[in-house]
Amino acid sequence: MDHIKSYVLRAGRISAAQRRSYETLFPRYGLALGPALALPRVFGNDHPVIAEIGFGMGSATVLMAEENPGINYLGIEVHRPGIGRLLWEIERRRVSNIRVIEHDAVEALERMIPDASLDGLHIFFPDPWPKKRHRKRRLLARPVTDLLAQKLRPGAYLYTVTDWEDYAQSALRELAQTPLLQNAYPGFAQTQSWRPRTKFEQRGIAEARPIRELFFIRGGSSPAGHTPASP
Ligand SMILES: C[S@@+](CC[C@H](N)C(=O)[O-])C[C@H]1O[C@@H](n2cnc3c(N)ncnc32)[C@H](O)[C@@H]1O
């Protein structure tokens, strides 16, 4: 898929600890861009797999993985300091159910993730690209949403949260127009109590932006992993 990248890689600061974790732990928990993965072989079991696009520093990822040892988490991120940080937490907390891909998620999903293999997809606080001329960079727009849906098993879910109202509205429209997906709620979703809060959420709240949640299901049977909160 030819696509405009939803991120800009900045030559950012990486702390000595993040670099050390990245260098020593990526060989153990990281996956290089390559051909389609056999997910049960990657994780050493056939538990449900939930992918997270843009985990940032991985603070939500590691908490969910720790709380749900029967679910595998596949984090996809391009920001190396965040990858180093997550790897450090994986080691510190002795979490065994997280693997990390360091690459653009659109390409990684296309090339490495078999169709209908994921039980869930998390996208928490995607880069909002609020300026009009940058909106084409937003991740949650077709045809990328078609690709995301294609990677979900029937009954699996896509869960996203944003504090940018305009992005929330456009993502709601784009997801509603994605043929494989059905909204689990009449519009925006109820807050899913199992989702850990990240600093992006705290910032949104501090700046009085409403937090919008969207929870869509790929048509089919009932989902594995985290289920939508009932009203
Ligand atoms: C605003 S941050 C949110 C981080 C985290 N989810 C949180 O809530 O704290 C968005 C993250 O998505 C990552 N990102 C954006 N587009 C991506 C892509 N196509 N593939 C992988 N990561 C991406 C960025 O590098 C950034 O770390």
# chains A, B, ... in the order shown; residues from 1 in each chain; ligands from 1
$ select_by_dssp --residues "region 54-136 of chain A" --states "helix (DSSP H, G or I)" --output "number ranges by chain"
A: 59-67, 80-93, 105-112, 132-136
$ residues_near_ligand --ligand "ligand 1" --cutoff "7 Å" --atoms "only C-alpha atoms and all ligand atoms" --output "list in words"
Lys5, Ser6, Tyr7, Ile53, Gly54, Phe55, Gly56, Met57, Gly58, Ile76, Glu77, Val78, His79, His103, Asp104, Ala105, Val106, Ile123, Phe124, Phe125, Pro126, Asp127, Leu139, Thr198, Lys199, Phe200 and Glu201 of chain A
$ residues_around --residues "Leu118 (chain A)" --least-positions-apart "4" --cutoff "8 Å" --atoms "only C-alpha atoms" --output "CSV table (one decimal) with N, CA and C atoms, in the first residue's frame"
chain,number,residue,atom,x,y,z
A,48,PRO,N,-4.5,-15.8,22.4
A,48,PRO,CA,-5.0,-14.7,21.6
A,48,PRO,C,-3.8,-13.6,21.5
A,49,VAL,N,-3.8,-12.9,20.3
A,49,VAL,CA,-2.8,-11.9,20.1
A,49,VAL,C,-3.5,-10.6,19.9
A,50,ILE,N,-3.0,-9.6,20.6
A,50,ILE,CA,-3.5,-8.2,20.5
A,50,ILE,C,-2.4,-7.3,20.0
A,51,ALA,N,-2.5,-6.6,18.9
A,51,ALA,CA,-1.4,-5.7,18.5
A,51,ALA,C,-1.7,-4.3,18.9
A,151,LYS,N,-6.8,-7.7,9.2
A,151,LYS,CA,-5.8,-8.4,10.0
A,151,LYS,C,-6.6,-9.0,11.3
A,152,LEU,N,-7.8,-8.6,11.5
A,152,LEU,CA,-8.6,-9.0,12.7
A,152,LEU,C,-9.3,-10.3,12.3
A,153,ARG,N,-9.4,-11.2,13.3
A,153,ARG,CA,-10.3,-12.4,13.1
A,153,ARG,C,-11.7,-11.9,13.2
A,156,ALA,N,-13.1,-10.2,16.3
A,156,ALA,CA,-12.1,-9.4,17.1
A,156,ALA,C,-12.4,-7.9,17.0
$ atom_distance --atom1 "CA of Met112 (chain A)" --atom2 "CA of Gly34 (chain A)"
6.3 Å
$ select_by_dssp --residues "region 84-202 of chain A" --states "strand (DSSP E)" --output "short mmCIF file (atom, residue, chain, number, x, y, z; two decimals) with C-alpha atoms, in the first residue's frame"
data_model
loop_
_atom_site.label_atom_id
_atom_site.label_comp_id
_atom_site.auth_asym_id
_atom_site.auth_seq_id
_atom_site.Cartn_x
_atom_site.Cartn_y
_atom_site.Cartn_z
CA ILE A 98 5.11 -8.97 24.76
CA ARG A 99 7.01 -8.79 21.47
CA VAL A 100 7.99 -5.60 19.65
CA ILE A 101 8.24 -4.64 16.00
CA GLU A 102 10.27 -1.50 15.26
CA LEU A 118 -5.33 -10.80 15.52
CA ASP A 119 -7.84 -10.87 18.37
CA GLY A 120 -7.62 -7.13 18.92
CA LEU A 121 -5.94 -3.93 17.82
CA HIS A 122 -5.21 -1.04 20.18
CA ILE A 123 -4.40 2.47 18.99
CA PHE A 124 -4.25 4.78 21.98
CA LEU A 152 -8.56 -9.05 12.69
CA ARG A 153 -10.26 -12.39 13.14
CA PRO A 154 -14.04 -12.36 12.75
CA GLY A 155 -15.32 -11.20 16.13
CA ALA A 156 -12.07 -9.44 17.05
CA TYR A 157 -12.00 -5.74 17.90
CA LEU A 158 -10.32 -2.45 17.04
CA TYR A 159 -10.19 -0.07 19.99
CA THR A 160 -8.91 3.48 19.68
CA VAL A 161 -8.94 6.50 21.98
CA THR A 162 -8.19 10.11 21.19
CA LEU A 181 -16.15 -3.37 10.73
CA GLN A 182 -19.24 -2.80 12.85
CA ASN A 183 -19.49 -0.28 15.66
#
